[in-house]
Amino acid sequence: MAVKSADIGLDSYKFGFHDDIKPVYKSPKGLSADIVREISRQKDEPEWMLEFRLESLRQFESKPMPTWGADLSRIDFDDIYYYIRPQDRQARSWDDVPDDIKNTFDRLGIPEAERKFLAGVGAQYDSEVVYHSIREDLEREGVVFLDMDSGLREHPEIVREYFGTIIPNGDNKFAALNSAVWSGGSFVYVPAGVKVEVPLQAYFRINAENMGQFERTLIVVEPGAYVHYVEGCTAPIYATDSLHSAVVEIVVKEGARCRYTTIQNWSTDVFNLVTKRAVAYRDATMEWIDGNLGSKVTMKYPSVYLMEPGAHGEVLSIAFASQGQHQDAGAKMVHAAPDTSSIITSKSISKDGGRAGYRGHVSVLPGAERSKSNVVCDALLFDDESRSDTYPYMDIEESNTAVQHEATVSKIGEQQLFYLMSRGLTEEQAMAMVVSGFIEPIVRELPMEYAVEMNRLIELQMEGSIG
Amino acid sequence: MHNGSGADALVIDDLHVTVNDMPILKGIDLHVPKGEVHALMGPNGSGKSTLANTLMGHPAFEVTSGSVTFKGQNLLELETDERARLGVFMAFQYPSEITGVRVSNFLRMALNAQREDEISAMEFRRLMMEKMRLLRMDPKFAGRYLNEGFSGGEKKRNEILQMAVLQPELAILDETDSGLDIDALRIVADGVNTLRGAEMATLVITHYQRLLNYIVPDVVHVLIDGRIARTGDKELALELDEMGYEAITAAQEA
């Protein structure tokens, strides 16, 4: 994880801030209007949210499974618990956690308290002390940084204004599912002109709910403001839930800037199907930095709608697929106004028969004159069994534009490895070095502690890969 | 001069090597003691680079018979990285480009791979800067991606920089002079001359005599068609320069 336990007072748990005894609630398996009602009732939500959820459920039921992208046929919607209250999630014991996950925790140097939390065993894991002090500073400036449920309770008017407007509940089957049963996620509001200097890490207020299957995040950045939001961690998250389907909506207003960094390392039995979208207004900048390492299947295409002149969107993405994994990652940029610009940089790595690729969509609407878009996707293959796909869709409906696309596929070369090994690096170190170099343009954009861990994780991934 | 006859020398005995089942080296005998610089000259296709790559353990080269020992160890049993850690270094004719990996990071990792304990960041920086000054390299060079976008001369200088930092006990320079202008050649040769000493055996592989004006060898070998055709002192290189390799081939056949 990104922060050492000592820095954020993980051991505060021993002071017992959270030993309230709470009643157990776990919904039965499968999905129905009754379950959606019960979720909303448990959370004591306003009527409009219940209506939103019920309408979303109808949308979900009416939409067919997507047949493009990855193979989703193994998802059984009737075999999923759609809501377990966070305090009731501790169903497993440390002994049930697979050895490879425990080993990775060891190698990454994850503190004891975090390991249990990440593995979904220990009690709630608290970083409340630091979180509170950060929150106090932020609150003085009017910045709101809450979990989504609290956001809805404490700022109902802001939530209602934006919730579901960037990604309507009928946008796609999985967004509809999330809209029906969402729980947890973050709510961030940055008032006009406020520049939040420290990255807001979901980590600081991480709790079982935040790690849920159906997180919902809404970020509103008012004119001239800046925020960097960081979610996820490099440690593998061991979930017994087989489906993770999040929705992230972001509004970046005039002259504002938002950066959203994700490092995803779900365990390799998880379907990770996430809808992320931002709208950027005049002279605003939205940047998605998206690292996908874990999961069985990931389908994720962060997008930016460039609504007014001067808006700029960027996606930097890394997809790493090993044996049995399919990373269908990518990006989407919609140029809806003149003088907008976008950059997509995608790096995919496939090894041991894994499949990683780039699926992108750049669309320039009529009238979006002088728009510029630059797409670069590079793939690195370890062996002949692995696969890389590139699907760069372009819809250009305006002639006065500059859209560029470049794609490269390379295989780790015998000569490169020989060169590095001739300087004393082992074959594993040499491979890790080639991979780290390949993703360096993206890793250097990560907060330092994430960058260090990312490289350590790449080294771990190389182990045992030498045939 | 020939004082390093100890067990530390590079000893090649009747070495046969094939590439894709084609015999390239056909019985090489070579003895390079520490403290000496041996030049290996020969026409294109004679097997010079094959010998260099075989000594470093390139997987494409198959040793069919013969032996190679260095510091008393059977080199042929060791992986490439193990040979490097034993003190073998090859300056590549065509160094690979590794994008995203900075020269300084790479050098530090390589140096650490060969040390018992990790060098501190400060100490490493001092060492690298000192060697870069020696090779008259711009300090900015350290921050560039390894060999990416380097000119031919920069690549060769970077090879010698690695050699200077790693301080090998056996250095093999594979056509380090190719593609260098005269100024770059002098700088590279100065670098090598500074490093040569009692603790290093050096094998300089070159097609032309030119480099040997600057790195004066103790012994010159001529490789023709996979065999050492002649061995002599530095005068042999001059002779070759005048008469060409054909004279030796002809003399052999006569």
# chains A, B, ... in the order shown; residues from 1 in each chain; ligands from 1

$ closest_atom_pairs --of "stretch 141-214 of chain B" --to "stretch 15-37 of chain B" --cutoff "10 Å" --atoms "only C-alpha atoms" --output "Markdown table"
| residue | atom | partner | partner_atom | distance |
| --- | --- | --- | --- | --- |
| B:Glu169 | CA | B:Lys34 | CA | 7.5 |
| B:Leu170 | CA | B:Lys34 | CA | 7.8 |
| B:Ala171 | CA | B:Val37 | CA | 9.3 |
| B:Ile172 | CA | B:Val37 | CA | 9.9 |
| B:Asn193 | CA | B:Val37 | CA | 9.8 |
| B:Arg196 | CA | B:Gly35 | CA | 7.0 |
| B:Gly197 | CA | B:Gly35 | CA | 5.2 |
| B:Ala198 | CA | B:Gly35 | CA | 3.9 |
| B:Glu199 | CA | B:Lys34 | CA | 5.7 |
| B:Met200 | CA | B:Lys34 | CA | 5.0 |
| B:Ala201 | CA | B:Lys34 | CA | 4.1 |
| B:Thr202 | CA | B:Val37 | CA | 4.6 |
| B:Leu203 | CA | B:Val37 | CA | 6.0 |
| B:Val204 | CA | B:Val37 | CA | 7.2 |

$ write_last_selection --atoms "N, CA and C atoms" --output "PDB file, in the first residue's frame"
ATOM      1  N   GLU B 169      37.473  -7.772 -14.871  1.00  0.00           N
ATOM      2  CA  GLU B 169      38.804  -8.386 -14.864  1.00  0.00           C
ATOM      3  C   GLU B 169      39.136  -8.961 -16.239  1.00  0.00           C
ATOM      4  N   LEU B 170      38.090  -9.148 -17.044  1.00  0.00           N
ATOM      5  CA  LEU B 170      38.300  -9.525 -18.441  1.00  0.00           C
ATOM      6  C   LEU B 170      37.398  -8.642 -19.288  1.00  0.00           C
ATOM      7  N   ALA B 171      38.015  -7.815 -20.125  1.00  0.00           N
ATOM      8  CA  ALA B 171      37.225  -6.917 -20.969  1.00  0.00           C
ATOM      9  C   ALA B 171      37.372  -7.349 -22.419  1.00  0.00           C
ATOM     10  N   ILE B 172      36.231  -7.513 -23.075  1.00  0.00           N
ATOM     11  CA  ILE B 172      36.235  -7.866 -24.492  1.00  0.00           C
ATOM     12  C   ILE B 172      35.615  -6.693 -25.236  1.00  0.00           C
ATOM     13  N   ASN B 193      42.816   2.895 -21.952  1.00  0.00           N
ATOM     14  CA  ASN B 193      44.193   2.940 -21.456  1.00  0.00           C
ATOM     15  C   ASN B 193      44.254   3.263 -19.967  1.00  0.00           C
ATOM     16  N   ARG B 196      43.361  -0.034 -18.201  1.00  0.00           N
ATOM     17  CA  ARG B 196      44.211  -1.227 -18.307  1.00  0.00           C
ATOM     18  C   ARG B 196      45.221  -1.217 -17.177  1.00  0.00           C
ATOM     19  N   GLY B 197      45.491  -2.373 -16.703  1.00  0.00           N
ATOM     20  CA  GLY B 197      46.396  -2.463 -15.563  1.00  0.00           C
ATOM     21  C   GLY B 197      46.574  -3.918 -15.206  1.00  0.00           C
ATOM     22  N   ALA B 198      47.235  -4.137 -14.110  1.00  0.00           N
ATOM     23  CA  ALA B 198      47.626  -5.494 -13.735  1.00  0.00           C
ATOM     24  C   ALA B 198      46.433  -6.406 -13.478  1.00  0.00           C
ATOM     25  N   GLU B 199      45.262  -5.796 -13.173  1.00  0.00           N
ATOM     26  CA  GLU B 199      44.122  -6.605 -12.764  1.00  0.00           C
ATOM     27  C   GLU B 199      43.169  -6.942 -13.902  1.00  0.00           C
ATOM     28  N   MET B 200      43.460  -6.476 -15.101  1.00  0.00           N
ATOM     29  CA  MET B 200      42.512  -6.697 -16.189  1.00  0.00           C
ATOM     30  C   MET B 200      43.179  -7.342 -17.397  1.00  0.00           C
ATOM     31  N   ALA B 201      42.536  -8.368 -17.904  1.00  0.00           N
ATOM     32  CA  ALA B 201      42.921  -8.934 -19.192  1.00  0.00           C
ATOM     33  C   ALA B 201      42.009  -8.316 -20.239  1.00  0.00           C
ATOM     34  N   THR B 202      42.568  -7.914 -21.365  1.00  0.00           N
ATOM     35  CA  THR B 202      41.761  -7.214 -22.373  1.00  0.00           C
ATOM     36  C   THR B 202      41.919  -7.873 -23.736  1.00  0.00           C
ATOM     37  N   LEU B 203      40.781  -8.093 -24.367  1.00  0.00           N
ATOM     38  CA  LEU B 203      40.785  -8.619 -25.722  1.00  0.00           C
ATOM     39  C   LEU B 203      40.116  -7.577 -26.613  1.00  0.00           C
ATOM     40  N   VAL B 204      40.911  -6.955 -27.488  1.00  0.00           N
ATOM     41  CA  VAL B 204      40.395  -5.901 -28.360  1.00  0.00           C
ATOM     42  C   VAL B 204      40.148  -6.501 -29.740  1.00  0.00           C
TER      43      VAL B 204
END

$ interface_residues --of "chain B" --to "chain A" --cutoff "6 Å" --atoms "only C-alpha atoms" --output "PyMOL selection string"
chain B and resi 80-81+84-85+96+99-101+110+113

$ write_last_selection --atoms "N, CA and C atoms" --output "tab-separated table (two decimals), in the first residue's frame"
chain	number	residue	atom	x	y	z
B	80	THR	N	25.20	-16.18	-18.66
B	80	THR	CA	25.76	-14.87	-19.01
B	80	THR	C	25.93	-13.97	-17.79
B	81	ASP	N	24.87	-13.91	-16.95
B	81	ASP	CA	24.95	-13.00	-15.80
B	81	ASP	C	25.98	-13.49	-14.78
B	84	ALA	N	29.29	-12.36	-15.97
B	84	ALA	CA	29.46	-10.93	-15.69
B	84	ALA	C	29.88	-10.74	-14.24
B	85	ARG	N	29.24	-11.48	-13.35
B	85	ARG	CA	29.55	-11.30	-11.94
B	85	ARG	C	30.92	-11.87	-11.58
B	96	SER	N	22.00	-2.82	-27.28
B	96	SER	CA	20.54	-2.75	-27.39
B	96	SER	C	20.01	-1.45	-26.80
B	99	THR	N	14.23	1.24	-23.70
B	99	THR	CA	13.48	2.48	-23.47
B	99	THR	C	13.04	2.57	-22.00
B	100	GLY	N	12.98	3.80	-21.51
B	100	GLY	CA	12.45	4.02	-20.15
B	100	GLY	C	13.43	3.73	-19.03
B	101	VAL	N	14.61	3.21	-19.37
B	101	VAL	CA	15.59	2.88	-18.32
B	101	VAL	C	16.75	3.87	-18.43
B	110	ALA	N	23.47	-2.56	-12.34
B	110	ALA	CA	24.51	-3.48	-12.81
B	110	ALA	C	25.64	-3.57	-11.78
B	113	ALA	N	24.60	-5.53	-8.83
B	113	ALA	CA	24.50	-6.97	-9.12
B	113	ALA	C	25.85	-7.65	-8.89

$ atom_distance --atom1 "atom CA of B:Ala9" --atom2 "atom CA of B:Leu161"
23.7 Å

$ closest_atom_pairs --of "stretch 36-137 of chain B" --to "stretch 225-238 of chain B" --cutoff "10 Å" --atoms "only C-alpha atoms" --output "CSV"
residue,atom,partner,partner_atom,distance
B:His38,CA,B:Asp233,CA,9.2
B:Ala39,CA,B:Lys234,CA,8.6
B:Leu40,CA,B:Ile228,CA,8.9
B:Met41,CA,B:Ala237,CA,8.0
B:Gly42,CA,B:Asp225,CA,8.8
B:Pro43,CA,B:Asp225,CA,8.7
B:Asn44,CA,B:Asp225,CA,9.5
B:Gly45,CA,B:Asp225,CA,7.4
B:Ser46,CA,B:Asp225,CA,4.6
B:Gly47,CA,B:Gly226,CA,5.4
B:Lys48,CA,B:Gly226,CA,8.1
B:Thr50,CA,B:Gly226,CA,9.2
B:Leu51,CA,B:Gly226,CA,9.0

$ write_last_selection --atoms "C-alpha atoms" --output "tab-separated table (two decimals), in the first residue's frame"
chain	number	residue	atom	x	y	z
B	38	HIS	CA	45.57	-8.75	-26.84
B	39	ALA	CA	44.24	-7.62	-30.18
B	40	LEU	CA	42.19	-10.00	-32.27
B	41	MET	CA	42.14	-8.94	-35.89
B	42	GLY	CA	40.63	-10.52	-38.93
B	43	PRO	CA	38.53	-9.97	-42.02
B	44	ASN	CA	34.73	-9.84	-41.94
B	45	GLY	CA	33.18	-13.22	-41.32
B	46	SER	CA	36.31	-14.71	-39.79
B	47	GLY	CA	34.50	-15.31	-36.48
B	48	LYS	CA	35.70	-12.39	-34.33
B	50	THR	CA	31.32	-15.05	-32.64
B	51	LEU	CA	34.24	-15.48	-30.26

$ closest_residue --among "B:Glu154, B:Ile248, B:Thr194, B:Pro168" --to "B:Asp181" --atoms "only C-alpha atoms"
B:Glu154

$ select_by_dssp --residues "stretch 94-243 of chain B" --states "alpha helix (DSSP H)" --output "short mmCIF file (atom, residue, chain, number, x, y, z; two decimals) with N, CA and C atoms, in the first residue's frame"
data_model
loop_
_atom_site.label_atom_id
_atom_site.label_comp_id
_atom_site.auth_asym_id
_atom_site.auth_seq_id
_atom_site.Cartn_x
_atom_site.Cartn_y
_atom_site.Cartn_z
N VAL B 103 20.31 5.70 -17.98
CA VAL B 103 21.70 5.21 -17.93
C VAL B 103 22.15 5.06 -16.48
N SER B 104 21.86 6.07 -15.65
CA SER B 104 22.35 6.03 -14.27
C SER B 104 21.70 4.87 -13.49
N ASN B 105 20.39 4.69 -13.67
CA ASN B 105 19.71 3.61 -12.95
C ASN B 105 20.23 2.24 -13.36
N PHE B 106 20.42 2.12 -14.66
CA PHE B 106 20.93 0.85 -15.19
C PHE B 106 22.32 0.55 -14.64
N LEU B 107 23.17 1.57 -14.67
CA LEU B 107 24.54 1.38 -14.20
C LEU B 107 24.58 1.00 -12.73
N ARG B 108 23.72 1.65 -11.96
CA ARG B 108 23.72 1.38 -10.52
C ARG B 108 23.25 -0.05 -10.26
N MET B 109 22.23 -0.47 -11.02
CA MET B 109 21.72 -1.82 -10.82
C MET B 109 22.78 -2.85 -11.24
N ALA B 110 23.47 -2.56 -12.34
CA ALA B 110 24.51 -3.48 -12.81
C ALA B 110 25.64 -3.57 -11.78
N LEU B 111 26.01 -2.40 -11.26
CA LEU B 111 27.10 -2.40 -10.27
C LEU B 111 26.68 -3.17 -9.03
N ASN B 112 25.46 -2.93 -8.58
CA ASN B 112 24.98 -3.63 -7.38
C ASN B 112 24.90 -5.13 -7.59
N ALA B 113 24.60 -5.53 -8.83
CA ALA B 113 24.50 -6.97 -9.12
C ALA B 113 25.85 -7.65 -8.89
N ALA B 121 23.67 5.80 -2.82
CA ALA B 121 23.33 6.65 -3.96
C ALA B 121 24.40 7.73 -4.16
N MET B 122 24.88 8.28 -3.04
CA MET B 122 25.89 9.34 -3.10
C MET B 122 27.19 8.82 -3.69
N GLU B 123 27.62 7.69 -3.15
CA GLU B 123 28.90 7.13 -3.58
C GLU B 123 28.82 6.76 -5.06
N PHE B 124 27.68 6.21 -5.46
CA PHE B 124 27.53 5.82 -6.85
C PHE B 124 27.61 7.04 -7.76
N ARG B 125 26.94 8.08 -7.35
CA ARG B 125 26.91 9.29 -8.16
C ARG B 125 28.32 9.85 -8.37
N ARG B 126 29.07 9.83 -7.28
CA ARG B 126 30.44 10.33 -7.35
C ARG B 126 31.26 9.49 -8.34
N LEU B 127 31.11 8.18 -8.22
CA LEU B 127 31.85 7.26 -9.10
C LEU B 127 31.47 7.49 -10.57
N MET B 128 30.17 7.57 -10.80
CA MET B 128 29.70 7.72 -12.18
C MET B 128 30.20 9.04 -12.79
N MET B 129 30.09 10.10 -12.00
CA MET B 129 30.49 11.42 -12.51
C MET B 129 31.99 11.44 -12.81
N GLU B 130 32.76 10.79 -11.96
CA GLU B 130 34.20 10.74 -12.17
C GLU B 130 34.51 10.03 -13.50
N LYS B 131 33.83 8.91 -13.74
CA LYS B 131 34.09 8.15 -14.96
C LYS B 131 33.57 8.90 -16.19
N MET B 132 32.49 9.64 -16.00
CA MET B 132 31.96 10.40 -17.13
C MET B 132 32.90 11.54 -17.51
N ARG B 133 33.52 12.12 -16.50
CA ARG B 133 34.52 13.18 -16.79
C ARG B 133 35.68 12.59 -17.58
N LEU B 134 36.11 11.41 -17.14
CA LEU B 134 37.21 10.73 -17.81
C LEU B 134 36.91 10.54 -19.30
N GLY B 152 26.09 6.71 -32.92
CA GLY B 152 27.03 5.59 -32.86
C GLY B 152 28.14 5.84 -31.84
N GLY B 153 28.67 7.05 -31.86
CA GLY B 153 29.76 7.40 -30.94
C GLY B 153 29.30 7.38 -29.49
N GLU B 154 28.07 7.88 -29.25
CA GLU B 154 27.55 7.89 -27.88
C GLU B 154 27.36 6.48 -27.35
N LYS B 155 26.89 5.61 -28.23
CA LYS B 155 26.71 4.22 -27.80
C LYS B 155 28.03 3.60 -27.36
N LYS B 156 29.08 3.83 -28.15
CA LYS B 156 30.38 3.24 -27.83
C LYS B 156 30.94 3.84 -26.55
N ARG B 157 30.77 5.12 -26.40
CA ARG B 157 31.26 5.77 -25.20
C ARG B 157 30.51 5.25 -23.97
N ASN B 158 29.24 5.01 -24.16
CA ASN B 158 28.42 4.48 -23.07
C ASN B 158 28.89 3.07 -22.68
N GLU B 159 29.32 2.30 -23.67
CA GLU B 159 29.86 0.98 -23.36
C GLU B 159 31.12 1.09 -22.51
N ILE B 160 31.98 2.03 -22.89
CA ILE B 160 33.23 2.19 -22.14
C ILE B 160 32.95 2.76 -20.74
N LEU B 161 31.91 3.61 -20.65
CA LEU B 161 31.51 4.11 -19.34
C LEU B 161 31.11 2.94 -18.42
N GLN B 162 30.34 2.02 -18.98
CA GLN B 162 29.93 0.86 -18.18
C GLN B 162 31.15 0.06 -17.74
N MET B 163 32.08 -0.08 -18.65
CA MET B 163 33.30 -0.81 -18.33
C MET B 163 34.06 -0.10 -17.21
N ALA B 164 34.12 1.23 -17.31
CA ALA B 164 34.85 2.00 -16.30
C ALA B 164 34.21 1.87 -14.93
N VAL B 165 32.86 1.84 -14.91
CA VAL B 165 32.16 1.75 -13.63
C VAL B 165 32.24 0.34 -13.07
N LEU B 166 32.11 -0.65 -13.94
CA LEU B 166 32.06 -2.04 -13.46
C LEU B 166 33.44 -2.62 -13.19
N ILE B 182 37.62 10.22 -35.43
CA ILE B 182 38.95 10.14 -34.83
C ILE B 182 38.96 10.70 -33.41
N ASP B 183 38.15 11.76 -33.16
CA ASP B 183 38.12 12.34 -31.82
C ASP B 183 37.50 11.38 -30.82
N ALA B 184 36.37 10.78 -31.24
CA ALA B 184 35.69 9.83 -30.37
C ALA B 184 36.60 8.62 -30.13
N LEU B 185 37.30 8.22 -31.15
CA LEU B 185 38.20 7.07 -31.04
C LEU B 185 39.28 7.34 -29.98
N ARG B 186 39.82 8.54 -30.01
CA ARG B 186 40.86 8.92 -29.02
C ARG B 186 40.30 8.88 -27.61
N ILE B 187 39.09 9.43 -27.45
CA ILE B 187 38.50 9.47 -26.10
C ILE B 187 38.28 8.06 -25.58
N VAL B 188 37.72 7.21 -26.45
CA VAL B 188 37.45 5.83 -26.05
C VAL B 188 38.76 5.11 -25.71
N ALA B 189 39.78 5.33 -26.55
CA ALA B 189 41.07 4.67 -26.32
C ALA B 189 41.70 5.17 -25.02
N ASP B 190 41.60 6.49 -24.77
CA ASP B 190 42.11 7.04 -23.51
C ASP B 190 41.45 6.35 -22.33
N GLY B 191 40.13 6.19 -22.47
CA GLY B 191 39.37 5.53 -21.41
C GLY B 191 39.90 4.13 -21.15
N VAL B 192 40.08 3.38 -22.21
CA VAL B 192 40.55 2.00 -22.05
C VAL B 192 41.96 1.99 -21.47
N ASN B 193 42.82 2.89 -21.95
CA ASN B 193 44.19 2.94 -21.46
C ASN B 193 44.25 3.26 -19.97
N THR B 194 43.32 4.12 -19.52
CA THR B 194 43.29 4.45 -18.10
C THR B 194 42.93 3.21 -17.27
N LEU B 195 42.09 2.37 -17.86
CA LEU B 195 41.59 1.22 -17.10
C LEU B 195 42.54 0.04 -17.15
N LYS B 234 52.92 -6.01 -31.70
CA LYS B 234 52.14 -4.94 -32.33
C LYS B 234 52.55 -4.67 -33.77
N GLU B 235 53.77 -5.09 -34.14
CA GLU B 235 54.22 -4.87 -35.52
C GLU B 235 53.36 -5.65 -36.52
N LEU B 236 52.81 -6.76 -36.03
CA LEU B 236 51.98 -7.59 -36.92
C LEU B 236 50.77 -6.80 -37.42
N ALA B 237 50.24 -5.96 -36.56
CA ALA B 237 49.08 -5.15 -36.95
C ALA B 237 49.46 -4.19 -38.07
N LEU B 238 50.63 -3.61 -37.96
CA LEU B 238 51.09 -2.67 -38.99
C LEU B 238 51.31 -3.40 -40.30
N GLU B 239 51.89 -4.57 -40.19
CA GLU B 239 52.13 -5.40 -41.37
C GLU B 239 50.82 -5.70 -42.10
N LEU B 240 49.81 -6.05 -41.29
CA LEU B 240 48.49 -6.35 -41.87
C LEU B 240 47.93 -5.13 -42.57
N ASP B 241 48.14 -3.98 -41.95
CA ASP B 241 47.61 -2.75 -42.50
C ASP B 241 48.19 -2.50 -43.89
N GLU B 242 49.46 -2.83 -44.04
CA GLU B 242 50.12 -2.62 -45.32
C GLU B 242 49.75 -3.68 -46.35
N MET B 243 49.75 -4.93 -45.91
CA MET B 243 49.67 -6.03 -46.87
C MET B 243 48.28 -6.62 -47.01
#

$ closest_residue --among "A:Met286, A:Leu460, A:Leu446, A:Leu243" --to "A:Val230" --atoms "only C-alpha atoms"
A:Leu446

$ residues_around --residues "A:Glu287" --least-positions-apart "4" --cutoff "6 Å" --atoms "only C-alpha atoms" --output "PyMOL selection string"
chain A and resi 259+313-315

$ write_last_selection --atoms "N, CA and C atoms" --output "PDB file, in the first residue's frame"
ATOM      1  N   ARG A 259      -7.162  15.144 -11.634  1.00  0.00           N
ATOM      2  CA  ARG A 259      -6.408  13.949 -12.005  1.00  0.00           C
ATOM      3  C   ARG A 259      -6.934  12.797 -11.150  1.00  0.00           C
ATOM      4  N   GLY A 313      -8.252  16.548 -22.374  1.00  0.00           N
ATOM      5  CA  GLY A 313      -8.407  15.253 -21.700  1.00  0.00           C
ATOM      6  C   GLY A 313      -7.204  14.369 -21.925  1.00  0.00           C
ATOM      7  N   GLU A 314      -6.840  13.605 -20.896  1.00  0.00           N
ATOM      8  CA  GLU A 314      -5.721  12.667 -21.048  1.00  0.00           C
ATOM      9  C   GLU A 314      -6.038  11.343 -20.390  1.00  0.00           C
ATOM     10  N   VAL A 315      -5.614  10.275 -21.030  1.00  0.00           N
ATOM     11  CA  VAL A 315      -5.675   8.965 -20.391  1.00  0.00           C
ATOM     12  C   VAL A 315      -4.301   8.322 -20.540  1.00  0.00           C
TER      13      VAL A 315
END

$ closest_residue --among "A:Val443, A:Ala256, A:Ala176, A:Leu218" --to "A:Phe163" --atoms "only C-alpha atoms"
A:Leu218

$ select_by_dssp --residues "stretch 53-212 of chain B" --states "strand (DSSP E)" --output "ChimeraX atom specification"
/B:61-70,73-74,88-91,170-174,201-206

$ write_last_selection --atoms "C-alpha atoms" --output "PDB file, in the first residue's frame"
ATOM      1  CA  PHE B  61      26.157 -19.646 -30.261  1.00  0.00           C
ATOM      2  CA  GLU B  62      26.670 -23.301 -29.580  1.00  0.00           C
ATOM      3  CA  VAL B  63      29.964 -24.619 -28.299  1.00  0.00           C
ATOM      4  CA  THR B  64      30.461 -28.053 -29.833  1.00  0.00           C
ATOM      5  CA  SER B  65      33.862 -28.788 -28.305  1.00  0.00           C
ATOM      6  CA  GLY B  66      36.800 -27.230 -26.508  1.00  0.00           C
ATOM      7  CA  SER B  67      37.035 -25.325 -23.246  1.00  0.00           C
ATOM      8  CA  VAL B  68      37.184 -21.795 -21.887  1.00  0.00           C
ATOM      9  CA  THR B  69      38.427 -21.042 -18.402  1.00  0.00           C
ATOM     10  CA  PHE B  70      38.822 -17.743 -16.620  1.00  0.00           C
ATOM     11  CA  GLN B  73      36.531 -21.457 -13.647  1.00  0.00           C
ATOM     12  CA  ASN B  74      34.884 -23.175 -16.571  1.00  0.00           C
ATOM     13  CA  VAL B  88      33.740 -10.707 -17.616  1.00  0.00           C
ATOM     14  CA  PHE B  89      32.640  -7.686 -19.621  1.00  0.00           C
ATOM     15  CA  MET B  90      31.891  -7.228 -23.281  1.00  0.00           C
ATOM     16  CA  ALA B  91      31.622  -3.823 -24.946  1.00  0.00           C
ATOM     17  CA  LEU B 170      38.300  -9.525 -18.441  1.00  0.00           C
ATOM     18  CA  ALA B 171      37.225  -6.917 -20.969  1.00  0.00           C
ATOM     19  CA  ILE B 172      36.235  -7.866 -24.492  1.00  0.00           C
ATOM     20  CA  LEU B 173      35.875  -4.922 -26.849  1.00  0.00           C
ATOM     21  CA  ASP B 174      33.907  -6.006 -29.890  1.00  0.00           C
ATOM     22  CA  ALA B 201      42.921  -8.934 -19.192  1.00  0.00           C
ATOM     23  CA  THR B 202      41.761  -7.214 -22.373  1.00  0.00           C
ATOM     24  CA  LEU B 203      40.785  -8.619 -25.722  1.00  0.00           C
ATOM     25  CA  VAL B 204      40.395  -5.901 -28.360  1.00  0.00           C
ATOM     26  CA  ILE B 205      38.552  -7.113 -31.425  1.00  0.00           C
ATOM     27  CA  THR B 206      38.949  -4.979 -34.495  1.00  0.00           C
TER      28      THR B 206
END

$ closest_residue --among "A:Ile289, A:Val247, A:Ile35, A:Leu138" --to "A:Ser179" --atoms "only C-alpha atoms"
A:Val247

$ atom_distance --atom1 "atom CA of A:Met65" --atom2 "atom CA of A:Thr390"
22.1 Å

$ atom_distance --atom1 "atom CA of A:Glu55" --atom2 "atom CA of A:Ala33"
9.7 Å

$ residues_around --residues "A:Pro302" --least-positions-apart "4" --cutoff "6 Å" --atoms "only C-alpha atoms" --output "PDB file with N, CA and C atoms, in the first residue's frame"
ATOM      1  N   LYS A 276     -16.134   4.716 -16.148  1.00  0.00           N
ATOM      2  CA  LYS A 276     -15.553   5.956 -15.626  1.00  0.00           C
ATOM      3  C   LYS A 276     -15.688   7.037 -16.679  1.00  0.00           C
ATOM      4  N   ARG A 277     -16.264   8.146 -16.282  1.00  0.00           N
ATOM      5  CA  ARG A 277     -16.450   9.201 -17.277  1.00  0.00           C
ATOM      6  C   ARG A 277     -16.339  10.573 -16.621  1.00  0.00           C
ATOM      7  N   ALA A 331      -9.702   3.747 -23.664  1.00  0.00           N
ATOM      8  CA  ALA A 331     -10.043   5.125 -23.369  1.00  0.00           C
ATOM      9  C   ALA A 331     -11.048   5.625 -24.386  1.00  0.00           C
TER      10      ALA A 331
END

$ closest_residue --among "A:His312, A:Arg153, A:Arg74, A:Lys347" --to "A:Val270" --atoms "only C-alpha atoms"
A:Arg74
